[in-house]
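First up is the structure itself, then whatever we jot down about it.
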Amino acid sequence: MHAEHGVSVRRGCEAVGLPRSTYRYERTPKPDEPVIEALSALVERHPTIGFWQAHHRLRLAGHVWNHKRVYRIYTAMKLNIRRRARKRLPARVKQALFVPAEANQVWSIDFTAAVGGGHDRLWDGRAFRLLNVIDDFNSAACRRRSRCSGSRSTRRCPRCA
């Protein structure tokens, strides 16, 4: 501003609202050589350690460098350890569901409860579930019982067992 308009630095900073100390500030970077040397020595002794373990070892050695500074230098030195790839399971062979040709060939059985994973409650607070036995051909329900366990339901409905 002062070169283009011929205004002094003092008046230009005052017009913009910038302190003169900020205008004249020149950053002096801290030397990274001690951090680089310490990381290099550490990685030579322990080549498989990751960043956090290296940082903790530097702390135990008496260095009080900020973890963000150490991480910046660690990545600049390309010391990042590759993460192991998870072994993928082979893809399942998808089989088509059996479609019954007539009634009473295939039945499905399931306990159902309230939507959202909780149980429905009676007026006195007792929880109950419903046992649904359904014909897959026409979705007709065989029997629904409330408050019955698995062994009780097989006694009550011998065709399901």
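Scheme for the structure tokens: letters A, B, ... for chains in order shown; per-chain residue numbers from 1; ligand numbers from 1 in order shown.
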
Sorted by chain and rising residue number, which residues of segment 61-81 of chain A lie within 10 Å of segment 34-48 of chain A, and what are their closest atom pairs and distances in Å to one decimal, counting only C-alpha atoms, as CSV?
residue,atom,partner,partner_atom,distance
A:Ala61,CA,A:Ala38,CA,9.7
A:His63,CA,A:Val35,CA,8.9
A:Trp65,CA,A:Val35,CA,8.1
A:Arg69,CA,A:Val35,CA,8.8
A:Val70,CA,A:Val35,CA,7.0
A:Ile73,CA,A:Ile36,CA,6.9
A:Tyr74,CA,A:Leu39,CA,7.4
A:Ala76,CA,A:Ile36,CA,9.8
A:Met77,CA,A:Ile36,CA,8.1
A:Leu79,CA,A:Val43,CA,8.3
A:Asn80,CA,A:Thr48,CA,9.7
A:Ile81,CA,A:Thr48,CA,7.4

Interatomic distance, atom CA of Thr112 of chain A to atom CA of Ala141 of chain A (Å, one decimal):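 A separation of 13.5 Å between them.
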
Coordinates-based distance that separates atom CA of Ile109 of chain A from atom CA of Trp123 of chain A (Å, one decimal): 26.7 Å

Gap from atom CA of Trp52 of chain A to atom CA of Arg27 of chain A - Å, one decimal: 28.5 Å

In chain A, DSSP strand (DSSP E) residues written as an MDAnalysis selection string: chainID A and resid 107:112 120:121 127:128 130:135 141:146

Top pick for closest residue to Ala103 of chain A, considering A:Thr75, A:Asn138, A:Gln53, A:Asn132 and counting only C-alpha atoms: A:Asn138

Filtered DSSP result for chain A, state helix (DSSP H, G or I), as number ranges by chain: A: 2-5, 9-16, 20-24, 33-45, 51-60, 67-76, 150-156, 158-160

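Closest approach to Phe51 of chain A among A:Val99, A:Glu33, A:Glu26, A:Arg82: A:Arg82, based on only C-alpha atoms.
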